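**Student:** File follows, input01.csv with CSV, C-alpha atoms and all ligand atoms:
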```csv
chain,number,residue,atom,x,y,z
P,21,MET,CA,135.1,66.2,-30.3
P,22,ALA,CA,132.7,67.3,-33.1
P,23,PRO,CA,129.7,67.8,-30.8
P,24,LEU,CA,131.9,70.0,-28.6
P,25,GLU,CA,132.9,72.1,-31.5
P,26,LEU,CA,129.3,72.6,-32.5
P,27,LEU,CA,128.2,73.5,-29.0
P,28,LEU,CA,131.1,75.9,-28.4
P,29,ALA,CA,130.5,77.6,-31.8
P,30,GLU,CA,126.9,78.3,-30.6
P,31,GLY,CA,128.4,80.0,-27.6
P,32,ARG,CA,127.2,77.3,-25.2
P,33,ASP,CA,128.8,77.1,-21.7
P,34,CYS,CA,129.9,73.4,-21.5
P,35,GLU,CA,131.7,71.2,-19.0
P,36,LEU,CA,132.6,67.6,-19.5
P,37,PHE,CA,131.7,64.6,-17.3
P,38,PHE,CA,133.5,61.3,-17.6
P,39,PHE,CA,131.7,58.3,-16.1
P,40,ASN,CA,132.2,55.1,-17.9
P,41,PRO,CA,131.9,52.0,-15.6
P,42,ASN,CA,131.2,50.1,-18.9
P,43,ILE,CA,134.8,50.3,-20.2
P,44,HIS,CA,136.8,47.2,-19.6
P,45,PRO,CA,139.5,46.3,-18.9
P,46,ALA,CA,141.3,49.0,-16.9
P,47,VAL,CA,143.9,49.6,-19.7
P,48,GLU,CA,141.1,50.6,-22.0
P,49,TRP,CA,139.3,52.7,-19.3
P,50,GLN,CA,142.6,54.6,-18.8
P,51,ARG,CA,143.0,55.2,-22.6
P,52,ARG,CA,139.6,56.7,-22.9
P,53,LEU,CA,140.1,58.9,-19.9
P,54,ASP,CA,143.3,60.1,-21.4
P,55,ASN,CA,141.4,61.0,-24.5
P,56,ALA,CA,138.9,63.0,-22.5
P,57,VAL,CA,141.7,64.8,-20.7
P,58,THR,CA,143.3,65.7,-24.0
P,59,ALA,CA,140.0,67.0,-25.4
P,60,ALA,CA,139.3,69.0,-22.3
P,61,GLU,CA,142.7,70.6,-22.5
P,62,HIS,CA,142.4,71.3,-26.2
P,63,TYR,CA,139.0,73.1,-25.7
P,64,GLN,CA,140.0,74.5,-22.3
P,65,LEU,CA,136.9,73.0,-20.6
P,66,LEU,CA,136.5,71.6,-17.2
P,67,LEU,CA,136.5,67.9,-17.0
P,68,HIS,CA,134.8,66.1,-14.1
P,69,ILE,CA,135.9,62.6,-13.6
P,70,TYR,CA,133.8,60.0,-11.8
P,71,PRO,CA,136.1,57.0,-11.5
P,72,GLY,CA,135.3,53.3,-11.6
P,73,SER,CA,135.0,50.4,-14.0
P,74,ASP,CA,132.6,47.6,-13.2
P,75,GLU,CA,133.3,44.6,-15.3
P,76,ALA,CA,131.2,42.2,-13.1
P,77,ALA,CA,128.0,44.2,-13.7
P,78,TRP,CA,128.3,44.1,-17.4
P,79,ARG,CA,129.5,40.4,-17.5
P,80,GLU,CA,126.3,39.5,-15.5
P,81,ARG,CA,124.3,40.9,-18.4
P,82,ALA,CA,126.4,39.2,-21.2
P,83,GLY,CA,123.3,37.4,-22.6
P,84,ASP,CA,120.9,40.3,-22.4
P,85,GLY,CA,121.7,41.8,-25.9
P,86,LYS,CA,120.0,45.1,-26.4
P,87,GLU,CA,118.8,45.2,-22.7
P,88,ARG,CA,122.5,45.2,-21.6
P,89,CYS,CA,123.0,48.4,-23.7
P,90,ALA,CA,119.9,50.0,-22.3
P,91,PHE,CA,121.2,49.3,-18.8
P,92,CYS,CA,124.5,50.7,-19.8
P,93,TYR,CA,123.0,54.0,-21.1
P,94,ARG,CA,120.7,54.3,-18.1
P,95,THR,CA,123.5,53.8,-15.6
P,96,ARG,CA,125.7,56.4,-17.2
P,97,MET,CA,122.9,59.0,-17.8
P,98,MET,CA,121.6,58.7,-14.2
P,99,LYS,CA,125.0,59.5,-12.8
P,100,THR,CA,125.5,62.3,-15.3
P,101,ALA,CA,122.1,63.8,-14.4
P,102,GLU,CA,122.8,63.5,-10.7
P,103,PHE,CA,126.1,65.3,-11.0
P,104,ALA,CA,124.6,68.0,-13.3
P,105,ALA,CA,121.7,68.7,-10.9
P,106,ASN,CA,124.1,68.9,-7.9
P,107,ASN,CA,126.3,71.3,-9.7
P,108,GLY,CA,123.8,73.8,-11.1
P,109,PHE,CA,123.5,72.7,-14.7
P,110,ASP,CA,120.2,73.1,-16.7
P,111,SER,CA,120.7,70.3,-19.2
P,112,ILE,CA,122.8,67.3,-20.2
P,113,SER,CA,123.6,65.5,-23.4
P,114,SER,CA,125.9,62.7,-24.5
P,115,SER,CA,128.7,62.3,-27.0
P,116,LEU,CA,127.1,58.9,-27.7
P,117,LEU,CA,124.7,60.8,-30.0
P,118,VAL,CA,127.5,61.3,-32.6
P,119,SER,CA,127.8,57.6,-33.2
P,120,PRO,CA,125.9,55.9,-36.0
P,121,TYR,CA,126.7,52.6,-34.3
P,122,GLN,CA,124.9,53.2,-31.0
P,123,ASP,CA,121.2,52.7,-30.3
P,124,ARG,CA,120.0,56.3,-30.6
P,125,GLU,CA,116.4,55.7,-29.4
P,126,SER,CA,117.6,53.9,-26.3
P,127,ILE,CA,120.1,56.6,-25.5
P,128,ILE,CA,117.5,59.3,-25.8
P,129,GLU,CA,115.0,57.4,-23.7
P,130,ALA,CA,117.7,56.9,-21.0
P,131,GLY,CA,118.8,60.5,-21.2
P,132,LYS,CA,115.3,61.9,-20.9
P,133,THR,CA,114.4,59.6,-18.0
P,134,ALA,CA,117.5,60.5,-16.1
P,135,ALA,CA,117.2,64.2,-16.8
P,136,ALA,CA,113.5,64.3,-15.8
P,137,ALA,CA,114.4,62.5,-12.5
P,138,TYR,CA,116.6,65.5,-11.6
P,139,GLY,CA,114.5,68.3,-13.1
P,140,LEU,CA,116.9,68.8,-16.1
P,141,GLU,CA,116.5,68.9,-19.9
P,142,PHE,CA,118.1,66.2,-22.0
P,143,GLU,CA,119.4,67.7,-25.3
P,144,ALA,CA,118.8,65.0,-27.9
P,145,HIS,CA,121.1,66.4,-30.6
P,146,ASP,CA,121.6,64.5,-33.8
P,147,TRP,CA,125.3,64.7,-34.4
P,148,ARG,CA,125.7,61.6,-36.5
P,149,GLU,CA,126.5,63.6,-39.7
P,150,GLN,CA,129.6,64.8,-37.8
P,151,TYR,CA,130.9,61.3,-37.1
P,152,ARG,CA,133.6,61.3,-39.8
P,153,HIS,CA,134.6,64.9,-39.0
P,154,GLY,CA,135.0,63.8,-35.3
P,155,GLN,CA,137.3,61.0,-36.4
P,156,ASP,CA,139.4,63.5,-38.4
P,157,LEU,CA,139.7,65.8,-35.4
P,158,ALA,CA,140.6,62.8,-33.2
P,159,ARG,CA,143.4,61.9,-35.6
P,160,GLU,CA,144.7,65.5,-35.7
P,161,LEU,CA,144.9,65.5,-31.9
P,162,GLY,CA,146.6,62.1,-31.8
P,163,LEU,CA,143.8,60.6,-29.8
P,164,TYR,CA,143.6,56.9,-29.2
P,165,ARG,CA,140.8,55.5,-31.5
P,166,GLN,CA,138.7,52.8,-29.8
P,167,LYS,CA,138.4,49.4,-31.4
P,168,TYR,CA,135.3,48.2,-29.7
P,169,CYS,CA,132.3,49.6,-27.9
P,170,GLY,CA,133.6,49.3,-24.4
P,171,CYS,CA,132.3,46.6,-22.2
P,172,ILE,CA,133.9,43.2,-21.7
P,173,VAL,CA,131.2,41.5,-23.8
P,174,SER,CA,131.8,43.8,-26.8
P,175,LEU,CA,135.6,43.2,-26.4
P,176,GLU,CA,135.0,39.4,-26.4
P,177,ASP,CA,132.9,39.8,-29.5
P,178,SER,CA,135.7,41.7,-31.3
P,179,LYS,CA,138.9,40.5,-32.8
P,180,PHE,CA,140.9,42.6,-30.3
P,181,TYR,CA,140.4,40.5,-27.2
P,182,ASP,CA,143.9,38.9,-27.1
P,183,LYS,CA,145.7,42.1,-27.9
P,184,VAL,CA,143.9,44.2,-25.3
P,185,CYS,CA,144.2,41.5,-22.7
P,186,ALA,CA,148.0,41.2,-23.3
P,187,GLU,CA,148.3,45.0,-23.0
P,188,HIS,CA,146.3,44.9,-19.8
P,189,ALA,CA,148.5,42.1,-18.4
P,190,LYS,CA,151.7,44.1,-19.1
P,191,LEU,CA,150.3,47.0,-17.0
P,192,ILE,CA,149.5,44.7,-14.1
P,193,GLU,CA,153.0,43.2,-14.4
P,194,ALA,CA,154.5,46.6,-14.3
P,195,ASP,CA,152.3,47.4,-11.3
P,196,LEU,CA,150.8,50.3,-13.1
P,197,ILE,CA,147.1,49.4,-12.5
P,201,LIG,S1,128.1,47.1,-26.2
P,201,LIG,FE1,128.5,49.2,-25.7
P,201,LIG,S2,126.5,50.2,-25.2
P,201,LIG,FE2,126.3,48.0,-25.1
P,201,LIG,S3,126.6,47.4,-23.0
P,201,LIG,FE3,128.6,47.2,-24.0
P,201,LIG,S4,129.6,49.2,-23.8
P,201,LIG,FE4,127.4,49.5,-23.3
```
Represent the structure from my file as structure tokens, please.
**Tutor:**
Amino acid sequence: MAPLELLLAEGRDCELFFFNPNIHPAVEWQRRLDNAVTAAEHYQLLLHIYPGSDEAAWRERAGDGKERCAFCYRTRMMKTAEFAANNGFDSISSSLLVSPYQDRESIIEAGKTAAAAYGLEFEAHDWREQYRHGQDLARELGLYRQKYCGCIVSLEDSKFYDKVCAEHAKLIEADLI
């Protein structure tokens, strides 16, 4: 939210791309997609959705620590750059750069590598000072606020595992996912 406000205030022409195979389980993936839809509607921006959640690929890397996160950034940046290049964009960036909890250097490395592979620029903004403001905006819009980073490993490491799994099971029971 906060990065979008800054870019739009500069008069930048932005579109959104949602590709998060690292979000597990499906109930959480859907919540984060719903947030992206709300943000896109609020700012009247086009949102491109590339579906799919791949729990197995992240589970396989459960013991890889920081390398799992590097894989995660690479995977998402590559698809973003591919989409951007195929649709006439000059540059890409990532809302991950607003978070003080993410590995900024690893994100930038993945972003630059992916952008270069497709002849694009990666915009390595430092939006971290906007993190709290972004949270306030999310609250104002009534957005769901994530409780863990996203992958099944980060969920298992959190105290929300039982709660999220119960919510996920309810959706399966109701035949909604
Ligand atoms: S902890 Fe976050 S950045 Fe790291 S692999 Fe999981 S979802 Fe990706």
**Student:** Could you report the residues within 10 Å of ligand LIG 201 (chain P), using all atoms listed in the file, as a ChimeraX atom specification?
**Tutor:** /P:40-44,77-79,81-82,84-96,116,121-123,126-127,168-175,177
**Student:** Do a neighbour search on Phe39 in chain P at 8 Å with all atoms listed in the file, toss out local chain neighbours closer than 3 positions, and write the hits as an MDAnalysis selection string.
**Tutor:** chainID P and resid 69:72 96 99:100
**Student:** Given only C-alpha atoms as the basis, pick out the residue of P:Val47, P:Leu117, P:Ala158, P:Met21 nearest to Ile197 in chain P.
**Tutor:**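 Checking each candidate against Ile197 in chain P, we get P:Val47 as the closest.
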**Student:** Could you tell me how far CA of Asp74 in chain P lies from CA of Phe38 in chain P, in Å and to one decimal?
**Tutor:**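 Straight-line distance from CA of Asp74 in chain P to CA of Phe38 in chain P works out to 14.4 Å.
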**Student:** Nearest residue to Ile112 in chain P out of P:Asp54, P:Asp33, P:Glu129, P:Glu143, using only C-alpha atoms?
**Tutor:**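 Distance minimum relative to Ile112 in chain P lands on P:Glu143.
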**Student:** Skipping near chain neighbours, those fewer than 6 positions away, what residues fall within 9 Å of Ala60 in chain P using all atoms listed in the file, listed as a PyMOL selection string?
**Tutor:** chain P and resi 35-36+66-67
**Student:** Restricting the calculation to only C-alpha atoms: of P:Glu48, P:Asp110, P:Glu149, P:Glu141, which residue gets closest to Arg165 in chain P?
**Tutor:**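 Counting only C-alpha atoms, the residue closest to Arg165 in chain P is P:Glu48.
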**Student:** Which of these, P:Val184, P:Leu24, P:Ile128, P:Ala137, has the shortest distance to Met98 in chain P once you count all atoms listed in the file?
**Tutor:**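 Result for the nearest residue to Met98 in chain P: P:Ala137.
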**Student:** Taking into account only C-alpha atoms, which residue in the set P:Glu102, P:Asp182, P:Asp195, P:Glu125 is nearest to Phe37 in chain P?
**Tutor:**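 Nearest candidate to Phe37 in chain P out of P:Glu102, P:Asp182, P:Asp195, P:Glu125: P:Glu102.
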**Student:** Could you tell me how far CA of Ala22 in chain P lies from CA of Lys183 in chain P, in Å and to one decimal?
**Tutor:**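 CA of Lys183 in chain P lies at a distance of 28.8 Å from CA of Ala22 in chain P.
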**Student:** Record the distance separating CA of Phe142 in chain P and CA of Phe109 in chain P, expressed in Å with one decimal.
**Tutor:**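 These two atoms are separated by 11.2 Å.
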**Student:** Pick from P:Ala76, P:Ala134, P:Val118, P:Ala29: nearest to Trp147 in chain P, with all atoms listed in the file counted?
**Tutor:** P:Val118
**Student:** Missing atoms in range 184-195 of chain P need filling: write out all heavy atoms for it as a PDB file, in the coordinates of the input.
**Tutor:**
```pdb
ATOM      1  N   VAL P 184     144.196  43.300 -26.443  1.00  0.00           N
ATOM      2  CA  VAL P 184     143.900  44.200 -25.300  1.00  0.00           C
ATOM      3  C   VAL P 184     144.218  43.485 -23.989  1.00  0.00           C
ATOM      4  O   VAL P 184     144.768  44.102 -23.075  1.00  0.00           O
ATOM      5  CB  VAL P 184     142.401  44.628 -25.358  1.00  0.00           C
ATOM      6  CG1 VAL P 184     142.010  45.384 -24.099  1.00  0.00           C
ATOM      7  CG2 VAL P 184     142.164  45.501 -26.587  1.00  0.00           C
ATOM      8  N   CYS P 185     143.934  42.187 -23.903  1.00  0.00           N
ATOM      9  CA  CYS P 185     144.200  41.500 -22.700  1.00  0.00           C
ATOM     10  C   CYS P 185     145.753  41.415 -22.424  1.00  0.00           C
ATOM     11  O   CYS P 185     146.216  41.528 -21.280  1.00  0.00           O
ATOM     12  CB  CYS P 185     143.670  40.048 -22.701  1.00  0.00           C
ATOM     13  SG  CYS P 185     141.890  40.064 -22.506  1.00  0.00           S
ATOM     14  N   ALA P 186     146.526  41.267 -23.490  1.00  0.00           N
ATOM     15  CA  ALA P 186     148.000  41.200 -23.300  1.00  0.00           C
ATOM     16  C   ALA P 186     148.483  42.598 -22.857  1.00  0.00           C
ATOM     17  O   ALA P 186     149.369  42.683 -21.987  1.00  0.00           O
ATOM     18  CB  ALA P 186     148.634  40.880 -24.684  1.00  0.00           C
ATOM     19  N   GLU P 187     147.913  43.672 -23.389  1.00  0.00           N
ATOM     20  CA  GLU P 187     148.300  45.000 -23.000  1.00  0.00           C
ATOM     21  C   GLU P 187     147.944  45.240 -21.489  1.00  0.00           C
ATOM     22  O   GLU P 187     148.704  45.817 -20.712  1.00  0.00           O
ATOM     23  CB  GLU P 187     147.626  46.083 -23.838  1.00  0.00           C
ATOM     24  CG  GLU P 187     148.174  46.098 -25.248  1.00  0.00           C
ATOM     25  CD  GLU P 187     147.269  46.827 -26.238  1.00  0.00           C
ATOM     26  OE1 GLU P 187     146.123  47.147 -25.887  1.00  0.00           O
ATOM     27  OE2 GLU P 187     147.705  47.034 -27.370  1.00  0.00           O
ATOM     28  N   HIS P 188     146.777  44.750 -21.129  1.00  0.00           N
ATOM     29  CA  HIS P 188     146.300  44.900 -19.800  1.00  0.00           C
ATOM     30  C   HIS P 188     147.252  44.102 -18.806  1.00  0.00           C
ATOM     31  O   HIS P 188     147.646  44.613 -17.752  1.00  0.00           O
ATOM     32  CB  HIS P 188     144.885  44.302 -19.676  1.00  0.00           C
ATOM     33  CG  HIS P 188     144.262  44.415 -18.332  1.00  0.00           C
ATOM     34  ND1 HIS P 188     143.850  45.621 -17.803  1.00  0.00           N
ATOM     35  CD2 HIS P 188     143.981  43.480 -17.395  1.00  0.00           C
ATOM     36  CE1 HIS P 188     143.346  45.420 -16.613  1.00  0.00           C
ATOM     37  NE2 HIS P 188     143.410  44.143 -16.329  1.00  0.00           N
ATOM     38  N   ALA P 189     147.636  42.898 -19.201  1.00  0.00           N
ATOM     39  CA  ALA P 189     148.500  42.100 -18.400  1.00  0.00           C
ATOM     40  C   ALA P 189     149.879  42.744 -18.160  1.00  0.00           C
ATOM     41  O   ALA P 189     150.457  42.687 -17.071  1.00  0.00           O
ATOM     42  CB  ALA P 189     148.714  40.698 -19.026  1.00  0.00           C
ATOM     43  N   LYS P 190     150.363  43.422 -19.217  1.00  0.00           N
ATOM     44  CA  LYS P 190     151.700  44.100 -19.100  1.00  0.00           C
ATOM     45  C   LYS P 190     151.591  45.212 -18.039  1.00  0.00           C
ATOM     46  O   LYS P 190     152.530  45.410 -17.266  1.00  0.00           O
ATOM     47  CB  LYS P 190     152.014  44.769 -20.447  1.00  0.00           C
ATOM     48  CG  LYS P 190     152.899  43.925 -21.310  1.00  0.00           C
ATOM     49  CD  LYS P 190     153.417  44.756 -22.463  1.00  0.00           C
ATOM     50  CE  LYS P 190     153.779  43.839 -23.605  1.00  0.00           C
ATOM     51  NZ  LYS P 190     153.871  44.552 -24.868  1.00  0.00           N
ATOM     52  N   LEU P 191     150.489  45.947 -18.007  1.00  0.00           N
ATOM     53  CA  LEU P 191     150.300  47.000 -17.000  1.00  0.00           C
ATOM     54  C   LEU P 191     150.280  46.432 -15.606  1.00  0.00           C
ATOM     55  O   LEU P 191     150.850  46.990 -14.668  1.00  0.00           O
ATOM     56  CB  LEU P 191     149.078  47.837 -17.278  1.00  0.00           C
ATOM     57  CG  LEU P 191     149.089  48.752 -18.493  1.00  0.00           C
ATOM     58  CD1 LEU P 191     147.886  49.666 -18.467  1.00  0.00           C
ATOM     59  CD2 LEU P 191     150.347  49.603 -18.530  1.00  0.00           C
ATOM     60  N   ILE P 192     149.608  45.297 -15.462  1.00  0.00           N
ATOM     61  CA  ILE P 192     149.500  44.700 -14.100  1.00  0.00           C
ATOM     62  C   ILE P 192     150.941  44.232 -13.712  1.00  0.00           C
ATOM     63  O   ILE P 192     151.359  44.465 -12.571  1.00  0.00           O
ATOM     64  CB  ILE P 192     148.570  43.463 -14.170  1.00  0.00           C
ATOM     65  CG1 ILE P 192     147.139  43.978 -14.324  1.00  0.00           C
ATOM     66  CG2 ILE P 192     148.691  42.622 -12.903  1.00  0.00           C
ATOM     67  CD1 ILE P 192     146.090  42.894 -14.415  1.00  0.00           C
ATOM     68  N   GLU P 193     151.652  43.626 -14.644  1.00  0.00           N
ATOM     69  CA  GLU P 193     153.000  43.200 -14.400  1.00  0.00           C
ATOM     70  C   GLU P 193     153.917  44.325 -13.928  1.00  0.00           C
ATOM     71  O   GLU P 193     154.743  44.192 -13.021  1.00  0.00           O
ATOM     72  CB  GLU P 193     153.585  42.526 -15.640  1.00  0.00           C
ATOM     73  CG  GLU P 193     154.652  41.503 -15.413  1.00  0.00           C
ATOM     74  CD  GLU P 193     155.041  40.910 -16.762  1.00  0.00           C
ATOM     75  OE1 GLU P 193     154.195  40.258 -17.391  1.00  0.00           O
ATOM     76  OE2 GLU P 193     156.194  41.147 -17.181  1.00  0.00           O
ATOM     77  N   ALA P 194     153.719  45.463 -14.583  1.00  0.00           N
ATOM     78  CA  ALA P 194     154.500  46.600 -14.300  1.00  0.00           C
ATOM     79  C   ALA P 194     154.002  47.387 -13.036  1.00  0.00           C
ATOM     80  O   ALA P 194     154.497  48.451 -12.697  1.00  0.00           O
ATOM     81  CB  ALA P 194     154.610  47.566 -15.461  1.00  0.00           C
ATOM     82  N   ASP P 195     152.948  46.836 -12.442  1.00  0.00           N
ATOM     83  CA  ASP P 195     152.300  47.400 -11.300  1.00  0.00           C
ATOM     84  C   ASP P 195     151.792  48.836 -11.531  1.00  0.00           C
ATOM     85  O   ASP P 195     151.832  49.711 -10.679  1.00  0.00           O
ATOM     86  CB  ASP P 195     153.389  47.510 -10.119  1.00  0.00           C
ATOM     87  CG  ASP P 195     152.727  47.240  -8.781  1.00  0.00           C
ATOM     88  OD1 ASP P 195     151.558  46.826  -8.775  1.00  0.00           O
ATOM     89  OD2 ASP P 195     153.397  47.460  -7.745  1.00  0.00           O
TER      90      ASP P 195
END
```
